[in-house]
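Data block below; observations after.
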Amino acid sequence: MADLRNNFVGIKSPNPFWLASAPPTDKAYNVERAFKAGWGGVVWKTLGEEGPPVVNVNGPRYGAIWGADRRLLGLNNIELITDRDLFTNLREMKQVKMNWPDRALIASIMVPCEEQSWKAILPLVEETGADGIELNFGCPHGMSERGMGSAVGQVPEYIEMVVRWCKQYTRMPVITKLTPNITDIRKPARAAKAGGTDAVSLINTINSIVSVDLDNFAPNPTVGGKGSHGGYCGPAVKPIALNMVAEIARDRETYGLPISGIGGITTWRDAAEFLALGAGNVQVCTAAMTYGFKIVEEMITGLSDWMDEKGHRNLDDIIGRAVPNVSDWQYLNLNYIAKAKIDQDACIKCGRCYIACEDTSHQAITNMVDGVRHFEVMDEECVGCNLCVSVCPVENCITMEELPAGSLDKRTGKVVDPNYANWTTHPNNPMARQAAE
């Protein structure tokens, strides 16, 4: 069987599935249940400095986006960091680590952007036996208005400064959690690396308002007639997270920097995609909040079975394997040609492909043949855009088929040429340059 054991910046866990810092990791009761279910590690919900506790709202904290089948696609939250006493959290963390020495336990920390605040809390966390710390530079609501969270994560100079403090005052590995609420994710990642971080984790939640109550004219979730922007997470953010992970993994200045991937991971396949794009492990939150802790069983079994089927012996066989194939647009093969094909046996004659193509694309699908309702792709009009595949309700009914080299493209009248610049060895590819050096 495939070996799922994970070693992330020296932090060992029996599998790469960690729970992210969030409500599921707020107390010992939750974390113990998670470890019993099979999670490889947890990032304890973010700790604040000693003093008056953080006060959360007592009304709705979550807003949601659902699919047509009521499946949760996205979750917006306005919850702050832990509202439990710092020393209660520390005491519980120490006991959990003693009870589960083979599991990873990471302390998420957020304190004011002052050296003394970080210097004071780090030895307290270290005394728990925690395996590492995660610097929360991502929270986009509540704490950011107080000069913490994403207010720090959006300023590379602050990131580098705080990381340097933490590396100075603790022996524990430092993971820097990045905010996606920024135009270029590479800049904060570079700053974290310059400060000496051992790894980065991303993405934290995306600043959002998910809906408006049209009776009260207030954003959801509504608390006493008012609403606030919050942090968006769940399956809907996965494409954004994958892109940002890939950007860091293939950037010349952060190449080789360990990444903990976060954002919409619900299945083993989601996790495998993050690993393939350079993540060394993954963190999960919304899926656990939606389906419970035992969802990790499916993730472990699914990833292991797929790795066995493909002949991958361990996680190192797949981590980063897709990164060389992430290209800038200018290096895509413009000689590659594919056409849509409809499986007539699988087609249910709904016509969604036809109307989508006819109204909004390239009028490449017929809707009648000899007076009979029938949908067929006209190769001479098809540009291979994949829209019909995307809107078809029947999986694999419409597929994209590559035209082999030497064949004639009826649309352009050109012969398919297989020759193009190979991005994996192109001199403008930072990873290719790194390998050459």
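Quick note on naming: the chains in the structure tokens go A, B, ... in the order shown, residues restart at 1 in each chain, and ligands are numbered from 1 in order of appearance.
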Segment 217-231 of chain A environment, 9 Å, only C-alpha atoms, sequence neighbours closer than 3 positions dropped, as a PyMOL selection string: chain A and resi 57-64+75-79+139-142+204-214
Write out as a PDB file with C-alpha atoms, in the first residue's frame all residues of segment 313-344 of chain A that DSSP puts in strand (DSSP E or B) for this structure's backbone.
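Writing the result to part_29.pdb gives the following:
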```pdb
ATOM      1  CA  ASN A 314       4.755   7.731  -1.234  1.00  0.00           C
ATOM      2  CA  ALA A 338      -9.136  19.452 -30.115  1.00  0.00           C
ATOM      3  CA  LYS A 339     -12.782  19.105 -31.164  1.00  0.00           C
ATOM      4  CA  ALA A 340     -15.873  18.266 -29.165  1.00  0.00           C
ATOM      5  CA  LYS A 341     -17.529  14.872 -29.745  1.00  0.00           C
ATOM      6  CA  ILE A 342     -21.007  13.894 -28.555  1.00  0.00           C
TER       7      ILE A 342
END
```
Which residues are close to segment 371-377 of chain A, i.e. within 9 Å by only C-alpha atoms, leaving aside same-chain residues fewer than 2 positions away? Reply as a ChimeraX atom specification. /A:339-342,344,347,349,351,353-354,364-369,379-382
Excluding Val111 of chain A and residues on its chain fewer than 5 positions from it, collect all residues at most 7 Å away from it, counting only C-alpha atoms, and give them as a list in words.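 Close residues of Val111 of chain A: Gly48, Glu49, Ser117, Trp118 and Met148 of chain A.
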Kindly indicate which residue among A:Tyr336, A:Phe8, A:Trp329, A:Phe293 lies nearest to Val416 of chain A, using only C-alpha atoms for the distances. A:Tyr336
